[in-house]
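Here's the structure, in structure tokens; my notes come after.
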Amino acid sequence: MADELLAVRRAKLEKLRADGIDPFPHRFAGVEPVAAVLAAHEALEAGQETDATHRVAGRLAARRGQGRMAFLDLVDRSGRLQLQARQDVLGDELHERLLTQVDLGDIIGVDGTALRTKRGEISLRIERFTVLAKSLRPPPEKHHGLQDVETRYRRRELDLMANEEARELFIARAKVITAIRSLLDGENFIEVETPILQPLYGGALARPFTTHHNALDRTLYLRIATELYLKRCIVGGLERVYEIGKNFRNEGLSTKHNPEFTVLEFYEAYADYNDVADRLESLVRSVAAQVGSTGRIDFEGPWRRVTLRAAIRDATGVDFMEHRDRAGLVAAIGDRLPTGGRTWPQLVDDLLSSFVEPTLQQPTFLMDYPVELSPLAKAHRSEPGLVERWEAFCAGIEIANAFTELNDPDEQRARFEAQARLAAEGDEEAAPYDEVFVQALEQGMPPTGGVGLGIDRLVMSLRDRSSIREVVLFPAMRD
């Protein structure tokens, strides 16, 4: 059946060419968005016609009627517009071509005059039309949209074609990024670009993707974070910098994880983790107000702030600060979690992810992390063994991470050495030793607060999506 449909469409393609019509022309200039046409004639009354002419283009999504007058729906990025096709206006030949040689899914351009039908729908009466791209495959089923989740993720173009909600989601995602840029630019931040291919990965606790540069004959890594390069910009005197871009982590797939993901990182000299918490809260609140939030999350009110220690203790009864060695923490955890092969910091993180994170539905900052979990954060000014770090959560997932940045080069060197010991114990996500970064700190880095915000997860929260695959245009999929 599918082969028959393809054959019928190819026959129509050849008929157009035989009639001297190019079914794939080079351009169609002067197109107006459908939304602009609809807005221009909002005041029309039912049955009222105009002399106003418009040129629109888009995909043919529906057709009703086959006689002297038919109605078609044309869809572009901005909306859907009804087209009225009348034989007495188009003439017999063009009317016949429109109804017999043009298929649903074809992209067409239309010149016509605006009216509102007696049933009250703003429409465009077709005076001329042009086939702009012949669709050789039928579009997804029109009445219910594209429902199969696997197909929606693997063939996102079909999802966008069939589901207006999908188009709106990714337009909203683009607006989120635009709003973030505008807000940071307005606060005198400078947008920079740092390497994606790096000679040494760093800035997070994660496994990297590894590649080989043939000309240099050396191993390179896809970055897991932009942090260390951005802090070198602070050392250089740029003072307020940010980058929006892709990071890559060689980890498992889940509803929260895609191997490549989009992150905003910003760094502010002369600030600490409290300052950047205020800035992030204000930033997200402003983005939510501009783009809109369709979910259950209240971004407007003040975000809750609680220490990580208190959050884990309240959820599990385990106080990790009273069990600073692995054996003691394993005993305190008991049979709540599998502990075999897990280091002390990994066990703390397991307690967080298993018992605390799912409960954090409204925006919450978890403050003050163990130093073992945070090799790039500055020691807490009043709590030994902790650092000035927070993570922000909402909808049961982490959306952001921040530090008062460690700027003491001797302490940073000691932290890297401690990470090397964890790596020797089997922690594949331990941070590697980066001597170049330590030497940059030896030039002097001012007190600095830094934040990493996951764009994908923020969009998930704003649009009430439970899987990161919903908000990434082309997510990684298993074979």
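Going by the structure tokens order, chains are called A, B, ..., each with residues numbered from 1, while ligands are numbered from 1 in the order shown.
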
Requested in this report: Do a neighbour search on Asp185 in chain A at 12 Å with only C-alpha atoms, toss out local chain neighbours closer than 2 positions, and write the hits as a list in words.
Outcome: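 Counting only the stated atoms, we get Thr178, Ala179, Ile180, Arg181, Ser182, Leu183, Glu187, Asn188, Phe189, Ile190, Glu191, Val192, Arg240, Val241, Tyr242, Glu243, Phe266 and Leu283 of chain A.
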
Requested in this report: Excluding range 364-374 of chain A and any residue of its chain fewer than 3 positions from it, enumerate the residues within 7 Å of it, using only C-alpha atoms, and give them as JSON, numbers by chain.
Outcome: {"A": [303, 304, 305, 306, 307, 308, 345, 360, 377, 385, 386, 387, 388, 389, 390, 391, 392, 393, 394]}

Dump as a short mmCIF file (atom, residue, chain, number, x, y, z; two decimals), in the first residue's frame, selection limited to C-alpha atoms:
data_model
loop_
_atom_site.label_atom_id
_atom_site.label_comp_id
_atom_site.auth_asym_id
_atom_site.auth_seq_id
_atom_site.Cartn_x
_atom_site.Cartn_y
_atom_site.Cartn_z
CA TRP A 303 12.80 29.94 46.11
CA ARG A 304 13.25 27.76 49.17
CA ARG A 305 16.80 27.40 50.50
CA VAL A 306 17.87 24.43 52.64
CA THR A 307 21.22 22.80 53.31
CA LEU A 308 22.06 19.51 51.62
CA PRO A 345 31.11 11.17 47.69
CA LEU A 360 11.84 18.85 45.21
CA ALA A 377 34.28 25.23 44.86
CA GLY A 385 34.41 20.04 55.45
CA LEU A 386 31.86 21.85 53.29
CA VAL A 387 32.12 24.18 50.32
CA GLU A 388 30.02 27.09 49.18
CA ARG A 389 28.04 25.31 46.53
CA TRP A 390 24.36 25.01 45.73
CA GLU A 391 22.27 23.07 43.29
CA ALA A 392 18.84 24.30 42.17
CA PHE A 393 15.98 21.84 41.71
CA CYS A 394 12.41 21.92 40.49
#

Query raised in the report: Between A:Asp88, A:Asp76, A:Glu4, A:Asp51, which has the minimum distance to Gly105 in chain A (counting only C-alpha atoms)?
Result: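 Between A:Asp88, A:Asp76, A:Glu4, A:Asp51, the residue approaching Gly105 in chain A most closely is A:Asp76.
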
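Contact shell of Leu329 in chain A at 10 Å (only C-alpha atoms; same-chain neighbours under 6 positions omitted): A:Val318, A:Asp319, A:Phe320, A:Met321, A:Glu322, A:His323, A:Thr339, A:Thr343, A:Trp344, A:Leu347, A:Val348.
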
Could you save the residues just selected, with C-alpha atoms, as a CSV table (one decimal), in the first residue's frame?
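Output below, filename selection23.csv:
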chain,number,residue,atom,x,y,z
A,318,VAL,CA,21.5,9.8,57.7
A,319,ASP,CA,23.8,12.7,58.6
A,320,PHE,CA,26.8,12.4,56.3
A,321,MET,CA,28.8,14.9,58.3
A,322,GLU,CA,28.7,12.5,61.2
A,323,HIS,CA,30.1,9.7,59.0
A,339,THR,CA,26.9,0.5,48.4
A,343,THR,CA,33.1,5.9,47.0
A,344,TRP,CA,32.1,8.2,49.9
A,347,LEU,CA,27.2,7.5,48.3
A,348,VAL,CA,26.3,11.0,49.4
